[in-house]
>>> print(open('structure.pdb').read())   # PDB, C-alpha atoms
ATOM      1  CA  MET A   7      45.842 159.834  84.045
ATOM      2  CA  SER A   8      45.942 161.865  80.896
ATOM      3  CA  GLU A   9      45.779 160.235  77.528
ATOM      4  CA  LEU A  10      49.279 161.385  76.600
ATOM      5  CA  ILE A  11      50.950 159.910  79.681
ATOM      6  CA  GLU A  12      48.874 156.749  79.273
ATOM      7  CA  ASN A  13      50.049 156.356  75.702
ATOM      8  CA  ILE A  14      53.639 156.900  76.741
ATOM      9  CA  LYS A  15      53.375 154.327  79.516
ATOM     10  CA  ASN A  16      51.779 151.783  77.206
ATOM     11  CA  LYS A  17      54.398 152.344  74.579
ATOM     12  CA  PHE A  18      57.576 152.417  76.653
ATOM     13  CA  GLY A  19      56.521 150.476  79.762
ATOM     14  CA  GLY A  20      59.377 150.004  82.207
ATOM     15  CA  LYS A  21      61.612 152.569  80.533
ATOM     16  CA  ILE A  22      59.642 155.368  82.141
ATOM     17  CA  ILE A  23      61.152 155.946  85.582
ATOM     18  CA  SER A  24      58.510 158.380  86.840
ATOM     19  CA  THR A  25      55.803 160.730  85.583
ATOM     20  CA  GLN A  26      54.414 164.038  86.757
ATOM     21  CA  GLU A  27      50.936 165.261  85.853
ATOM     22  CA  GLU A  28      50.230 167.730  88.596
ATOM     23  CA  PHE A  29      51.568 170.695  86.658
ATOM     24  CA  ARG A  30      51.618 171.370  82.986
ATOM     25  CA  PRO A  31      53.489 170.651  80.817
ATOM     26  CA  ARG A  32      53.447 167.067  82.038
ATOM     27  CA  SER A  33      56.817 165.450  82.459
ATOM     28  CA  VAL A  34      58.353 162.012  82.315
ATOM     29  CA  LYS A  35      61.721 160.880  83.547
ATOM     30  CA  VAL A  36      63.774 158.364  81.615
ATOM     31  CA  ALA A  37      67.286 156.942  81.726
ATOM     32  CA  ALA A  38      69.933 158.568  79.524
ATOM     33  CA  ALA A  39      70.614 155.232  77.830
ATOM     34  CA  ASP A  40      67.000 155.031  76.560
ATOM     35  CA  LEU A  41      66.765 158.681  75.599
ATOM     36  CA  LEU A  42      67.507 158.504  71.889
ATOM     37  CA  GLU A  43      65.091 155.630  71.291
ATOM     38  CA  ILE A  44      62.296 157.275  73.253
ATOM     39  CA  MET A  45      62.799 160.678  71.631
ATOM     40  CA  THR A  46      62.792 159.182  68.136
ATOM     41  CA  ALA A  47      59.503 157.464  68.896
ATOM     42  CA  LEU A  48      58.044 160.612  70.463
ATOM     43  CA  LYS A  49      58.751 162.517  67.301
ATOM     44  CA  ASN A  50      57.657 159.978  64.723
ATOM     45  CA  GLU A  51      54.807 157.923  66.164
ATOM     46  CA  GLU A  52      51.196 158.822  65.657
ATOM     47  CA  PRO A  53      49.886 159.452  69.200
ATOM     48  CA  PHE A  54      52.798 161.784  70.058
ATOM     49  CA  GLN A  55      54.057 163.665  66.973
ATOM     50  CA  PHE A  56      56.361 165.984  68.887
ATOM     51  CA  ASP A  57      57.649 167.858  65.851
ATOM     52  CA  GLN A  58      59.441 170.634  67.731
ATOM     53  CA  ILE A  59      62.055 170.764  70.443
ATOM     54  CA  LEU A  60      61.641 174.024  72.347
ATOM     55  CA  ASP A  61      64.604 173.954  74.683
ATOM     56  CA  ILE A  62      67.210 171.829  76.362
ATOM     57  CA  ALA A  63      68.399 172.820  79.799
ATOM     58  CA  GLY A  64      70.885 171.452  82.290
ATOM     59  CA  VAL A  65      70.233 171.794  86.018
ATOM     60  CA  ASP A  66      73.157 171.431  88.378
ATOM     61  CA  PHE A  67      72.395 169.865  91.768
ATOM     62  CA  LEU A  68      75.803 170.283  93.316
ATOM     63  CA  ASN A  69      76.725 167.638  95.929
ATOM     64  CA  GLN A  70      73.897 165.373  94.823
ATOM     65  CA  LYS A  71      74.213 162.170  92.929
ATOM     66  CA  PRO A  72      73.565 162.084  90.035
ATOM     67  CA  ARG A  73      74.659 165.694  89.693
ATOM     68  CA  PHE A  74      72.871 166.924  86.569
ATOM     69  CA  LEU A  75      69.254 166.899  85.481
ATOM     70  CA  ILE A  76      68.861 167.408  81.738
ATOM     71  CA  VAL A  77      65.481 168.779  80.689
ATOM     72  CA  TYR A  78      64.033 168.502  77.189
ATOM     73  CA  ILE A  79      60.914 170.489  76.360
ATOM     74  CA  LEU A  80      58.871 169.192  73.419
ATOM     75  CA  LEU A  81      55.922 170.618  71.508
ATOM     76  CA  SER A  82      53.589 168.951  69.070
ATOM     77  CA  THR A  83      52.024 171.438  66.702
ATOM     78  CA  ALA A  84      49.989 168.650  65.123
ATOM     79  CA  LYS A  85      48.436 167.414  68.381
ATOM     80  CA  ASN A  86      48.717 170.674  70.334
ATOM     81  CA  HIS A  87      50.356 169.166  73.388
ATOM     82  CA  ARG A  88      53.634 169.615  75.223
ATOM     83  CA  LEU A  89      55.869 167.310  77.199
ATOM     84  CA  ILE A  90      58.951 167.633  79.361
ATOM     85  CA  VAL A  91      61.370 164.739  79.237
ATOM     86  CA  GLU A  92      63.953 164.617  82.000
ATOM     87  CA  THR A  93      67.014 162.517  82.513
ATOM     88  CA  ASP A  94      69.608 162.317  85.277
ATOM     89  CA  ILE A  95      73.267 162.032  84.537
ATOM     90  CA  ASP A  96      76.402 161.892  86.578
ATOM     91  CA  GLU A  97      79.196 164.456  86.381
ATOM     92  CA  LEU A  98      81.203 162.202  84.080
ATOM     93  CA  GLY A  99      78.197 160.894  82.188
ATOM     94  CA  SER A 100      76.888 162.006  78.839
ATOM     95  CA  VAL A 101      73.645 162.300  76.915
ATOM     96  CA  PRO A 102      73.113 161.196  73.308
ATOM     97  CA  SER A 103      72.793 163.936  70.725
ATOM     98  CA  LEU A 104      69.294 164.527  69.357
ATOM     99  CA  THR A 105      70.456 166.422  66.278
ATOM    100  CA  GLY A 106      69.489 163.397  64.181
ATOM    101  CA  VAL A 107      65.920 163.658  65.466
ATOM    102  CA  TRP A 108      65.406 167.440  65.566
ATOM    103  CA  CYS A 109      67.897 169.681  63.726
ATOM    104  CA  GLY A 110      67.027 172.418  66.219
ATOM    105  CA  ALA A 111      68.659 170.474  69.023
ATOM    106  CA  ASP A 112      72.063 171.424  67.590
ATOM    107  CA  TRP A 113      72.524 174.817  69.245
ATOM    108  CA  PHE A 114      70.650 173.799  72.404
ATOM    109  CA  GLU A 115      73.135 170.992  72.914
ATOM    110  CA  ARG A 116      76.048 173.316  72.287
ATOM    111  CA  GLU A 117      74.621 175.649  74.909
ATOM    112  CA  LEU A 118      74.194 172.710  77.286
ATOM    113  CA  TYR A 119      77.831 171.798  76.764
ATOM    114  CA  ASP A 120      79.014 175.409  77.053
ATOM    115  CA  MET A 121      77.061 176.343  80.164
ATOM    116  CA  SER A 122      76.910 173.070  82.107
ATOM    117  CA  GLY A 123      79.846 171.104  80.724
ATOM    118  CA  VAL A 124      77.682 168.100  79.921
ATOM    119  CA  LYS A 125      79.100 165.913  77.195
ATOM    120  CA  VAL A 126      76.810 165.233  74.252
ATOM    121  CA  ASN A 127      77.674 162.072  72.360
ATOM    122  CA  GLY A 128      77.471 162.129  68.579
ATOM    123  CA  HIS A 129      77.019 165.887  68.173
ATOM    124  CA  PRO A 130      78.409 167.042  64.781
ATOM    125  CA  ASN A 131      79.940 170.292  66.057
ATOM    126  CA  LEU A 132      80.225 170.298  69.825
ATOM    127  CA  LYS A 133      81.960 173.561  70.681
ATOM    128  CA  ARG A 134      81.116 176.597  72.785
ATOM    129  CA  ILE A 135      78.259 178.760  71.528
ATOM    130  CA  LEU A 136      77.948 181.666  74.005
ATOM    131  CA  MET A 137      81.372 181.978  75.599
ATOM    132  CA  SER A 138      84.545 182.518  73.606
ATOM    133  CA  GLU A 139      86.379 179.372  72.639
ATOM    134  CA  ASP A 140      89.340 179.993  74.938
ATOM    135  CA  PHE A 141      87.051 180.417  77.951
ATOM    136  CA  GLU A 142      87.773 178.143  80.882
ATOM    137  CA  GLY A 143      85.036 176.513  82.925
ATOM    138  CA  HIS A 144      81.276 176.171  82.602
ATOM    139  CA  PRO A 145      79.421 179.203  84.002
ATOM    140  CA  LEU A 146      76.095 177.637  85.002
ATOM    141  CA  ARG A 147      77.716 175.054  87.235
ATOM    142  CA  LYS A 148      76.981 175.901  90.825
ATOM    143  CA  ASP A 149      80.656 175.760  91.786
ATOM    144  CA  PHE A 150      81.651 178.348  89.151
ATOM    145  CA  PRO A 151      82.751 181.653  90.732
ATOM    146  CA  VAL A 152      80.773 184.661  89.484
ATOM    147  CA  ARG A 153      83.911 186.470  88.339
ATOM    148  CA  GLY A 154      85.160 183.430  86.473
ATOM    149  CA  THR A 155      88.288 181.375  86.913
ATOM    150  CA  THR A 156      90.539 183.340  84.551
ATOM    151  CA  PRO A 157      92.609 186.001  86.356
ATOM    152  CA  PRO A 158      91.881 189.538  85.041
ATOM    153  CA  GLU A 159      95.371 190.046  83.630
ATOM    154  CA  LYS A 160      94.918 187.028  81.366
ATOM    155  CA  ARG A 161      91.415 187.841  80.191
ATOM    156  CA  TYR A 162      92.009 190.239  77.336
ATOM    157  CA  ALA A 163      95.372 189.174  75.959
ATOM    158  CA  PRO A 164      97.137 190.524  73.997
ATOM    159  CA  TRP A 165      95.747 193.990  74.597
ATOM    160  CA  ASP A 166      95.329 193.969  78.316
ATOM    161  CA  LYS A 167      98.002 196.559  79.236
ATOM    162  CA  ARG A 168      96.237 199.626  80.550
ATOM    163  CA  ARG A 169      97.384 202.843  79.033
ATOM    164  CA  THR A 170      96.394 206.473  78.953
ATOM    165  CA  ARG A 171      96.474 208.750  76.005
ATOM    166  CA  GLU A 172      99.474 210.942  75.342
ATOM    167  CA  TYR A 173      99.347 214.231  73.469
TER     168      TYR A 173
ATOM    169  CA  MET B   7     102.796 240.454  60.251
ATOM    170  CA  GLY B   8     101.403 243.672  58.990
ATOM    171  CA  LEU B   9      99.378 242.074  56.234
ATOM    172  CA  GLU B  10      96.169 243.517  57.620
ATOM    173  CA  GLU B  11      97.580 247.004  57.227
ATOM    174  CA  LYS B  12      98.155 246.479  53.521
ATOM    175  CA  LEU B  13      95.149 244.351  52.657
ATOM    176  CA  GLY B  14      92.612 245.611  55.145
ATOM    177  CA  ASP B  15      89.638 243.467  56.123
ATOM    178  CA  SER B  16      90.014 241.050  53.196
ATOM    179  CA  ILE B  17      92.334 238.690  55.125
ATOM    180  CA  PHE B  18      92.476 237.306  58.632
ATOM    181  CA  THR B  19      95.623 235.843  60.165
ATOM    182  CA  THR B  20      95.512 233.140  62.789
ATOM    183  CA  GLN B  21      97.455 230.091  63.933
ATOM    184  CA  LEU B  22      97.235 226.876  61.943
ATOM    185  CA  ASP B  23      96.483 224.870  65.094
ATOM    186  CA  ALA B  24      93.637 227.179  66.018
ATOM    187  CA  LEU B  25      92.047 226.888  62.592
ATOM    188  CA  VAL B  26      92.429 223.112  62.289
ATOM    189  CA  ASN B  27      91.278 222.452  65.842
ATOM    190  CA  TRP B  28      88.350 224.787  65.431
ATOM    191  CA  SER B  29      87.148 222.906  62.373
ATOM    192  CA  ARG B  30      87.783 219.512  63.962
ATOM    193  CA  LYS B  31      85.991 220.239  67.200
ATOM    194  CA  ASN B  32      82.930 221.719  65.595
ATOM    195  CA  SER B  33      82.459 218.893  63.113
ATOM    196  CA  LEU B  34      82.744 215.626  65.004
ATOM    197  CA  TRP B  35      81.388 212.637  63.149
ATOM    198  CA  PRO B  36      80.437 210.081  65.778
ATOM    199  CA  MET B  37      80.298 206.368  65.253
ATOM    200  CA  PRO B  38      77.740 205.099  67.768
ATOM    201  CA  PHE B  39      78.716 201.746  69.237
ATOM    202  CA  GLY B  40      75.543 201.159  71.207
ATOM    203  CA  THR B  41      75.178 197.799  72.917
ATOM    204  CA  ALA B  42      72.780 198.536  75.790
ATOM    205  CA  CYS B  43      70.445 201.072  77.380
ATOM    206  CA  CYS B  44      73.041 203.874  77.132
ATOM    207  CA  ALA B  45      72.415 203.795  73.396
ATOM    208  CA  ILE B  46      68.792 204.801  74.055
ATOM    209  CA  GLU B  47      69.943 207.851  76.026
ATOM    210  CA  PHE B  48      72.355 208.565  73.226
ATOM    211  CA  MET B  49      69.451 208.489  70.737
ATOM    212  CA  ALA B  50      67.628 210.967  72.952
ATOM    213  CA  ALA B  51      70.686 213.214  72.924
ATOM    214  CA  VAL B  52      70.696 213.163  69.136
ATOM    215  CA  GLY B  53      66.965 213.739  68.910
ATOM    216  CA  THR B  54      65.117 217.015  68.730
ATOM    217  CA  ARG B  55      64.778 217.687  72.454
ATOM    218  CA  PHE B  56      68.496 217.720  73.295
ATOM    219  CA  ASP B  57      69.813 218.102  69.762
ATOM    220  CA  LEU B  58      73.464 217.146  69.551
ATOM    221  CA  ALA B  59      73.550 219.029  66.241
ATOM    222  CA  ARG B  60      74.034 222.216  68.250
ATOM    223  CA  PHE B  61      77.586 220.987  68.903
ATOM    224  CA  GLY B  62      78.291 219.897  65.371
ATOM    225  CA  ALA B  63      78.188 216.197  66.216
ATOM    226  CA  GLU B  64      75.011 215.091  64.512
ATOM    227  CA  ALA B  65      76.395 213.325  61.427
ATOM    228  CA  MET B  66      76.219 209.694  62.561
ATOM    229  CA  ARG B  67      78.229 207.298  60.479
ATOM    230  CA  PHE B  68      77.910 203.580  61.026
ATOM    231  CA  SER B  69      81.204 202.984  59.296
ATOM    232  CA  PRO B  70      84.368 203.489  61.363
ATOM    233  CA  ARG B  71      86.230 204.632  58.260
ATOM    234  CA  GLN B  72      84.028 207.704  57.911
ATOM    235  CA  SER B  73      83.971 208.833  61.518
ATOM    236  CA  ASP B  74      86.371 210.365  63.998
ATOM    237  CA  LEU B  75      84.578 209.908  67.334
ATOM    238  CA  LEU B  76      83.917 206.428  68.693
ATOM    239  CA  LEU B  77      81.021 206.609  71.129
ATOM    240  CA  VAL B  78      80.921 203.417  73.149
ATOM    241  CA  ALA B  79      77.513 203.281  74.815
ATOM    242  CA  GLY B  80      76.784 200.097  76.682
ATOM    243  CA  THR B  81      78.079 196.886  78.187
ATOM    244  CA  ILE B  82      80.963 195.334  76.291
ATOM    245  CA  SER B  83      81.344 191.604  76.803
ATOM    246  CA  ASN B  84      84.670 189.832  76.549
ATOM    247  CA  LYS B  85      83.563 188.370  73.250
ATOM    248  CA  MET B  86      82.693 191.842  71.914
ATOM    249  CA  GLY B  87      86.109 193.204  72.966
ATOM    250  CA  PRO B  88      87.983 192.130  69.812
ATOM    251  CA  VAL B  89      85.158 193.577  67.673
ATOM    252  CA  LEU B  90      85.424 196.948  69.419
ATOM    253  CA  LYS B  91      89.202 196.887  69.093
ATOM    254  CA  LYS B  92      88.944 196.166  65.368
ATOM    255  CA  ILE B  93      86.445 198.982  64.821
ATOM    256  CA  TYR B  94      88.732 201.383  66.683
ATOM    257  CA  ASP B  95      91.699 200.317  64.573
ATOM    258  CA  GLN B  96      89.724 200.891  61.378
ATOM    259  CA  MET B  97      89.087 204.539  62.219
ATOM    260  CA  ALA B  98      91.415 207.014  60.566
ATOM    261  CA  GLU B  99      93.375 209.559  62.608
ATOM    262  CA  PRO B 100      92.521 211.896  64.173
ATOM    263  CA  LYS B 101      90.129 209.916  66.346
ATOM    264  CA  TRP B 102      88.684 210.218  69.806
ATOM    265  CA  VAL B 103      86.770 207.915  72.128
ATOM    266  CA  ILE B 104      83.973 208.645  74.578
ATOM    267  CA  SER B 105      83.131 205.919  77.069
ATOM    268  CA  MET B 106      79.474 206.431  77.912
ATOM    269  CA  GLY B 107      78.030 204.990  81.107
ATOM    270  CA  SER B 108      79.252 202.804  83.939
ATOM    271  CA  CYS B 109      79.442 199.590  81.923
ATOM    272  CA  ALA B 110      81.716 200.874  79.195
ATOM    273  CA  THR B 111      83.802 202.722  81.777
ATOM    274  CA  SER B 112      84.317 200.027  84.383
ATOM    275  CA  GLY B 113      82.032 197.086  83.749
ATOM    276  CA  GLY B 114      79.438 198.741  85.985
ATOM    277  CA  ILE B 115      77.189 196.383  87.892
ATOM    278  CA  PHE B 116      78.362 193.492  85.724
ATOM    279  CA  ASP B 117      81.375 192.488  87.774
ATOM    280  CA  SER B 118      81.177 189.004  86.356
ATOM    281  CA  TYR B 119      82.856 186.496  84.079
ATOM    282  CA  PRO B 120      81.578 187.528  80.607
ATOM    283  CA  THR B 121      81.943 191.304  80.929
ATOM    284  CA  LEU B 122      84.868 193.489  79.967
ATOM    285  CA  GLN B 123      85.813 195.561  83.043
ATOM    286  CA  GLY B 124      86.118 198.852  81.194
ATOM    287  CA  ILE B 125      86.903 199.494  77.529
ATOM    288  CA  ASP B 126      90.125 201.253  78.516
ATOM    289  CA  THR B 127      91.600 197.793  78.929
ATOM    290  CA  ILE B 128      91.620 197.508  75.141
ATOM    291  CA  ILE B 129      91.379 201.017  73.636
ATOM    292  CA  PRO B 130      92.413 204.482  74.873
ATOM    293  CA  VAL B 131      89.543 206.663  76.123
ATOM    294  CA  ASP B 132      89.407 210.475  76.047
ATOM    295  CA  VAL B 133      86.281 211.252  78.056
ATOM    296  CA  TYR B 134      84.371 209.090  80.511
ATOM    297  CA  VAL B 135      80.700 209.721  81.246
ATOM    298  CA  THR B 136      79.307 208.497  84.556
ATOM    299  CA  GLY B 137      75.754 207.329  85.041
ATOM    300  CA  CYS B 138      73.683 204.239  84.588
ATOM    301  CA  PRO B 139      72.603 205.309  82.046
ATOM    302  CA  PRO B 140      73.816 208.932  81.868
ATOM    303  CA  ARG B 141      71.269 211.594  80.988
ATOM    304  CA  PRO B 142      71.599 213.214  77.560
ATOM    305  CA  GLU B 143      72.896 216.366  79.256
ATOM    306  CA  ALA B 144      75.818 214.354  80.616
ATOM    307  CA  LEU B 145      76.653 213.157  77.125
ATOM    308  CA  ILE B 146      76.459 216.698  75.795
ATOM    309  CA  ASP B 147      78.802 217.769  78.585
ATOM    310  CA  ALA B 148      81.206 215.015  77.521
ATOM    311  CA  ILE B 149      81.115 216.263  73.931
ATOM    312  CA  MET B 150      81.888 219.766  75.178
ATOM    313  CA  GLN B 151      84.770 218.463  77.268
ATOM    314  CA  LEU B 152      86.074 216.592  74.265
ATOM    315  CA  GLN B 153      85.954 219.827  72.307
ATOM    316  CA  GLU B 154      88.165 221.370  74.978
ATOM    317  CA  ILE B 155      90.617 218.484  74.568
ATOM    318  CA  ILE B 156      90.645 218.884  70.793
ATOM    319  CA  LYS B 157      91.340 222.601  71.195
ATOM    320  CA  GLN B 158      94.599 221.822  72.999
ATOM    321  CA  GLU B 159      95.988 219.515  70.330
ATOM    322  CA  SER B 160      98.536 220.537  67.745
ATOM    323  CA  VAL B 161      98.948 219.500  64.130
ATOM    324  CA  ARG B 162     102.717 219.980  64.427
ATOM    325  CA  ARG B 163     103.114 217.444  67.209
ATOM    326  CA  PRO B 164     102.337 214.083  65.608
ATOM    327  CA  ARG B 165      99.772 212.095  67.505
ATOM    328  CA  LYS B 166     101.167 208.935  69.046
ATOM    329  CA  ALA B 167     100.171 205.687  67.405
ATOM    330  CA  MET B 168      97.057 204.705  69.271
ATOM    331  CA  SER B 169      97.384 200.948  69.224
ATOM    332  CA  ILE B 170      97.908 199.343  72.582
ATOM    333  CA  LYS B 171     101.475 198.149  72.890
TER     334      LYS B 171
END
>>> encode(input="structure.pdb", output="structure tokens")
Amino acid sequence: MSELIENIKNKFGGKIISTQEEFRPRSVKVAAADLLEIMTALKNEEPFQFDQILDIAGVDFLNQKPRFLIVYILLSTAKNHRLIVETDIDELGSVPSLTGVWCGADWFERELYDMSGVKVNGHPNLKRILMSEDFEGHPLRKDFPVRGTTPPEKRYAPWDKRRTREY
Amino acid sequence: MGLEEKLGDSIFTTQLDALVNWSRKNSLWPMPFGTACCAIEFMAAVGTRFDLARFGAEAMRFSPRQSDLLLVAGTISNKMGPVLKKIYDQMAEPKWVISMGSCATSGGIFDSYPTLQGIDTIIPVDVYVTGCPPRPEALIDAIMQLQEIIKQESVRRPRKAMSIK
């Protein structure tokens, strides 16, 4: 067992659901309820010092329970190590916002909300970041049709009437 | 009119339309709206090898207020649609639009939720260029076709307001 995973296990004990060390970056799985506490410790405490959050991603396992896997990728520039923290949530569940821990989590969480429709509790400005604000649906959900759910005649209002040029 | 008989070679009579259209068609000022790989082909068309300057269309202006040809080269997403519409509205008359490439013309391969299925859903288009991306020759051909269109216009017939009703 690597030193990093050992430290994490010693520190958080039963809150770690599972670990993976076969591939790098190593990953740990935790419950969404413990996420904020664990992330705060991972950033601030000496053996971890994860000072950067590289990405947050939502994976949709349609027809499985719980439906979503939320993936947080961390980097420590001080210790030169990386870690993936994963958590499962249900379709109606939510994850706590990490904007208080890393400012950079702000846009990642907006993207998570925009693309996967996962609610992020306590986010200061949780609105769409990639799609327009009147867009309906969450495109990276596996049950989202590739052409979208908005009918073409309603997509470009109020200019959607086709016309040709007159001379 | 007989003026040539009196004044000889010092004057030349023609039609107003012919003169205005001749000057308009040989001095197009394009505004490149390049959002994807078509813009690279467009740059090649402007460059030395293909040289769009031969057709009088080399004065690129990145301000819509100073240009009269909107050259839409690339994929336009739904979110970019209002931006394109606003840029078109800011251009002064007379103005023309070339839709370069499959994406600007019809959405191209991006038949999907974020992509505008053709810019003619929001602005009127004069010439469409096929290709993914089109070769510079195709763009030059489009410019020449646009010149033919400009030739047939008239200053006495007011151009219709170009906003989409």
>>> resolve_selection(input="structure.pdb", expression="the PyMOL selection byres ((chain B and resi 60-76) around 8)", output="PyMOL selection string")
chain B and resi 31-39+52+57-59+77-78+93-94+96-104+149-150
>>> residues_around(input="structure.pdb", residues="A:Leu98", least_positions_apart="5", cutoff="12 Å", atoms="only C-alpha atoms", output="list of chain:residue names")
A:Lys71, A:Pro72, A:Arg73, A:Phe74, A:Ser122, A:Gly123, A:Val124, A:Lys125, A:Val126
>>> resolve_selection(input="structure.pdb", expression="the PyMOL selection byres ((chain A and resi 118) around 12)", output="PyMOL selection string")
chain A and resi 61-66+74-78+100-101+103+111-117+119-126+129+132-137+144-147
>>> axis_aligned_box(input="structure.pdb", around="stretch 17-34 of chain A", padding_each_side="4 Å", output="lines of an AutoDock Vina configuration file")
center_x = 55.9
center_y = 160.7
center_z = 81.6
size_x = 19.4
size_y = 29.4
size_z = 22.0
>>> residues_near_point(input="structure.pdb", point="(76.6, 201.8, 74.1)", cutoff="10 Å", atoms="only C-alpha atoms", output="list of chain:residue names")
B:Pro38, B:Phe39, B:Gly40, B:Thr41, B:Ala42, B:Cys43, B:Cys44, B:Ala45, B:Ile46, B:Glu47, B:Phe48, B:Leu77, B:Val78, B:Ala79, B:Gly80, B:Thr81, B:Ile82, B:Ser105, B:Met106, B:Gly107, B:Cys109, B:Ala110, B:Pro139
>>> residues_around(input="structure.pdb", residues="A:Ala39", least_positions_apart="6", cutoff="12 Å", atoms="all atoms listed in the file", output="NGL selection string")
:A and (21-22 or 45 or 93-95 or 99-103 or 127)
>>> residues_around(input="structure.pdb", residues="B:Ala148", least_positions_apart="4", cutoff="9 Å", atoms="all atoms listed in the file", output="list in words")
Ile104, Met106, Val133, Tyr134, Val135, Glu143, Ala144, Leu152 and Gln153 of chain B
>>> write_last_selection(input="structure.pdb", atoms="C-alpha atoms", output="PDB file, keeping the file's coordinate frame")
ATOM      1  CA  ILE B 104      83.973 208.645  74.578  1.00  0.00           C
ATOM      2  CA  MET B 106      79.474 206.431  77.912  1.00  0.00           C
ATOM      3  CA  VAL B 133      86.281 211.252  78.056  1.00  0.00           C
ATOM      4  CA  TYR B 134      84.371 209.090  80.511  1.00  0.00           C
ATOM      5  CA  VAL B 135      80.700 209.721  81.246  1.00  0.00           C
ATOM      6  CA  GLU B 143      72.896 216.366  79.256  1.00  0.00           C
ATOM      7  CA  ALA B 144      75.818 214.354  80.616  1.00  0.00           C
ATOM      8  CA  LEU B 152      86.074 216.592  74.265  1.00  0.00           C
ATOM      9  CA  GLN B 153      85.954 219.827  72.307  1.00  0.00           C
TER      10      GLN B 153
END
>>> residues_around(input="structure.pdb", residues="A:Trp108", least_positions_apart="6", cutoff="8 Å", atoms="all atoms listed in the file", output="CSV table (one decimal) with C-alpha atoms, keeping the file's coordinate frame")
chain,number,residue,atom,x,y,z
A,57,ASP,CA,57.6,167.9,65.9
A,58,GLN,CA,59.4,170.6,67.7
A,59,ILE,CA,62.1,170.8,70.4
>>> atom_distance(input="structure.pdb", atom1="atom CA of A:Thr25", atom2="atom CA of A:Ser8")
11.0 Å
>>> resolve_selection(input="structure.pdb", expression="the PyMOL selection byres ((chain A and resi 17) around 12)", output="number ranges by chain")
A: 10-16, 18-22, 43-44, 47-48, 51-54
>>> residues_near_point(input="structure.pdb", point="(83.3, 189.4, 85.3)", cutoff="12 Å", atoms="only C-alpha atoms", output="PyMOL selection string")
(chain A and resi 145+150-158+161-162) or (chain B and resi 81-84+109+112-124)
>>> write_last_selection(input="structure.pdb", atoms="C-alpha atoms", output="compact mmCIF listing (two decimals), in the coordinates of the input")
# COMPACT_ATOMS: atom_id res chain seq x y z
CA PRO A 145 79.42 179.20 84.00
CA PHE A 150 81.65 178.35 89.15
CA PRO A 151 82.75 181.65 90.73
CA VAL A 152 80.77 184.66 89.48
CA ARG A 153 83.91 186.47 88.34
CA GLY A 154 85.16 183.43 86.47
CA THR A 155 88.29 181.38 86.91
CA THR A 156 90.54 183.34 84.55
CA PRO A 157 92.61 186.00 86.36
CA PRO A 158 91.88 189.54 85.04
CA ARG A 161 91.42 187.84 80.19
CA TYR A 162 92.01 190.24 77.34
CA THR B 81 78.08 196.89 78.19
CA ILE B 82 80.96 195.33 76.29
CA SER B 83 81.34 191.60 76.80
CA ASN B 84 84.67 189.83 76.55
CA CYS B 109 79.44 199.59 81.92
CA SER B 112 84.32 200.03 84.38
CA GLY B 113 82.03 197.09 83.75
CA GLY B 114 79.44 198.74 85.98
CA ILE B 115 77.19 196.38 87.89
CA PHE B 116 78.36 193.49 85.72
CA ASP B 117 81.38 192.49 87.77
CA SER B 118 81.18 189.00 86.36
CA TYR B 119 82.86 186.50 84.08
CA PRO B 120 81.58 187.53 80.61
CA THR B 121 81.94 191.30 80.93
CA LEU B 122 84.87 193.49 79.97
CA GLN B 123 85.81 195.56 83.04
CA GLY B 124 86.12 198.85 81.19
>>> atom_distance(input="structure.pdb", atom1="atom CA of A:Leu80", atom2="atom CA of A:Ile23")
18.1 Å
>>> build_atoms(input="structure.pdb", residues="stretch 25-34 of chain B", atoms="N, CA and C atoms", output="JSON list (two decimals), in the frame of the given file")
[["chain", "number", "residue", "atom", "x", "y", "z"],
["B", 25, "LEU", "N", 93.00, 227.09, 63.69],
["B", 25, "LEU", "CA", 92.05, 226.89, 62.59],
["B", 25, "LEU", "C", 91.66, 225.42, 62.45],
["B", 26, "VAL", "N", 92.70, 224.55, 62.46],
["B", 26, "VAL", "CA", 92.43, 223.11, 62.29],
["B", 26, "VAL", "C", 91.60, 222.58, 63.46],
["B", 27, "ASN", "N", 92.00, 222.95, 64.68],
["B", 27, "ASN", "CA", 91.28, 222.45, 65.84],
["B", 27, "ASN", "C", 89.85, 222.98, 65.88],
["B", 28, "TRP", "N", 89.70, 224.21, 65.44],
["B", 28, "TRP", "CA", 88.35, 224.79, 65.43],
["B", 28, "TRP", "C", 87.44, 224.00, 64.48],
["B", 29, "SER", "N", 87.98, 223.65, 63.32],
["B", 29, "SER", "CA", 87.15, 222.91, 62.37],
["B", 29, "SER", "C", 86.93, 221.48, 62.84],
["B", 30, "ARG", "N", 87.95, 220.89, 63.48],
["B", 30, "ARG", "CA", 87.78, 219.51, 63.96],
["B", 30, "ARG", "C", 86.75, 219.44, 65.09],
["B", 31, "LYS", "N", 86.84, 220.37, 66.01],
["B", 31, "LYS", "CA", 85.99, 220.24, 67.20],
["B", 31, "LYS", "C", 84.54, 220.57, 66.91],
["B", 32, "ASN", "N", 84.31, 221.36, 65.89],
["B", 32, "ASN", "CA", 82.93, 221.72, 65.60],
["B", 32, "ASN", "C", 82.30, 220.84, 64.52],
["B", 33, "SER", "N", 83.02, 219.81, 64.11],
["B", 33, "SER", "CA", 82.46, 218.89, 63.11],
["B", 33, "SER", "C", 82.88, 217.47, 63.44],
["B", 34, "LEU", "N", 82.46, 217.01, 64.62],
["B", 34, "LEU", "CA", 82.74, 215.63, 65.00],
["B", 34, "LEU", "C", 81.76, 214.70, 64.32]]
